[in-house]
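Okay, so here's the structure we're looking at.
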Amino acid sequence: MSENKKFAIVLSGCGVFDGAEIHEATLTMLAIDKAGSTYQCFAPDIEQHHVINHITGEEMPEKRNVLIESARIARGKIKPLSEFKATDFDALVFPGGFGAAKNLSTLAFDGSNCKVNPEVENAVLEMAQANKAIGALCISPAVMVKILEGASVTIGSDQGTIDAINAMGGSHEAKNHGEVTVDEKYNLVTTPCYMLGASISQIAEGAENVINTILKM
């Protein structure tokens, strides 16, 4: 792939503990823009699993919508994931955050027995069947393994998540800050980001390396 490509970014809410990880999402957008390409944000129009107070870490007695919350990061320029078509894009990218494991899937609660949101699964499978690139950051690679049989990914070094990846039939490569794993069968590029104890600069490096690797495919 060369420059001036169209990326779709799938968000899962707004905030690391119950939605999309904001640094990973915005730095992915920045990496795409710096590379001379464009992006469109998507999110499923569903209720969040729960809402977390990001100061106390405690659950709050309220309900929020994943699409509406994701619109905060996208500055309102976002579409329901139901409208995604693989024919419109060159690559599909999933930032991390617990939203990927709570809203896009049930990975946070069910581990290797998790279920994936049907719209997420359809988007990933459409891209894979079209031999188009997929990027996943942080915890999102584990969700990809549930969809893409036998996929090779990295989430850094978290043993519990590695065990879940192995149990789902995937394979895991231990990687450090900014490093990527490329599964050539699925054109899947993954990096650990905040699954490691990372700084925001290291997140930027990881996001850029995912995007630039995709662009070189």
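The way I read the labels, and the way they are meant: chains A, B, ... in the order of the structure tokens, residue 1 as the first residue of every chain, and ligand 1 as the first ligand shown, with later ones counted on from there.
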
Can I get the residues of segment 9-98 of chain A within 10 Å of segment 139-163 of chain A, each with the closest pair of atoms and their distance in Å to one decimal, using only C-alpha atoms, sorted chain first then ascending number, as CSV?
residue,atom,partner,partner_atom,distance
A:Val93,CA,A:Ser140,CA,9.4
A:Phe94,CA,A:Ser140,CA,6.3
A:Pro95,CA,A:Ser140,CA,6.7
A:Gly96,CA,A:Ser140,CA,5.2
A:Gly97,CA,A:Ile139,CA,6.8
A:Phe98,CA,A:Ile139,CA,7.5

Residues from last step as file, N, CA and C atoms, as a tab-separated table (two decimals), in the first residue's frame:
chain	number	residue	atom	x	y	z
A	93	VAL	N	-8.67	-0.28	11.45
A	93	VAL	CA	-7.81	-0.23	12.64
A	93	VAL	C	-8.64	-0.18	13.92
A	94	PHE	N	-8.21	-0.95	14.91
A	94	PHE	CA	-8.86	-0.99	16.21
A	94	PHE	C	-7.91	-0.50	17.30
A	95	PRO	N	-8.10	0.72	17.84
A	95	PRO	CA	-7.36	1.11	19.05
A	95	PRO	C	-7.78	0.21	20.21
A	96	GLY	N	-7.01	0.26	21.30
A	96	GLY	CA	-7.34	-0.57	22.45
A	96	GLY	C	-8.24	0.12	23.46
A	97	GLY	N	-8.02	-0.18	24.72
A	97	GLY	CA	-8.92	0.26	25.77
A	97	GLY	C	-9.85	-0.88	26.15
A	98	PHE	N	-10.35	-0.87	27.39
A	98	PHE	CA	-11.23	-1.95	27.86
A	98	PHE	C	-12.52	-2.04	27.06

List the neighbours of Gln40 of chain A out to 7 Å using only C-alpha atoms; skip same-chain residues closer than 3 positions along the sequence, and give me the result as a list in words. Phe7, Ala8, Ile9 and Ile78 of chain A

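Relative to atom CA of Arg64 of chain A, atom CA of Ile134 of chain A is found at 27.6 Å.
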
Using DSSP secondary structure from the backbone, list all helix (DSSP H, G or I) positions within segment 70-103 of chain A, as JSON, numbers by chain. {"A": [70, 71, 72, 73, 81, 82, 83, 86, 87, 88, 98, 99, 100, 101, 102]}

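Non-sequential neighbours of Glu208 of chain A (distance at most 10 Å, separation of 5 or more positions within a chain, only C-alpha atoms) are Leu27, Thr28, Met29, Leu30, Ala31, Ile32, Lys34, Ala35, Gly178, Gln202, Ile203, Thr213 and Ile214 of chain A.
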
Atoms kept (C-alpha atoms) for selection, written as a compact mmCIF listing (two decimals), in the first residue's frame:
# COMPACT_ATOMS: atom_id res chain seq x y z
CA LEU A 27 -2.37 8.96 18.04
CA THR A 28 -3.62 6.47 15.45
CA MET A 29 -5.50 9.34 13.79
CA LEU A 30 -2.35 11.46 13.91
CA ALA A 31 -0.22 8.70 12.40
CA ILE A 32 -2.68 8.29 9.53
CA LYS A 34 1.00 12.40 9.04
CA ALA A 35 1.31 9.62 6.47
CA GLY A 178 6.58 0.19 19.46
CA GLN A 202 5.84 4.97 23.16
CA ILE A 203 2.13 4.80 22.28
CA THR A 213 3.62 -1.08 8.25
CA ILE A 214 0.11 -1.22 6.78

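Relative to atom CA of Cys14 of chain A, atom CA of Leu215 of chain A is found at 26.8 Å.
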
With only C-alpha atoms as the counted atoms, please give the residues lying no more than 12 Å from Ile55 of chain A, apart from itself and same-chain residues fewer than 5 positions off, as a PDB file with C-alpha atoms, in the first residue's frame.
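Dumped everything to around16.pdb:
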ATOM      1  CA  GLY A  15     -11.999   6.258  28.127  1.00  0.00           C
ATOM      2  CA  VAL A  16      -9.582   3.461  28.895  1.00  0.00           C
ATOM      3  CA  PHE A  17     -11.621   1.628  31.557  1.00  0.00           C
ATOM      4  CA  MET A  60     -21.287   4.454  38.102  1.00  0.00           C
TER       5      MET A  60
END
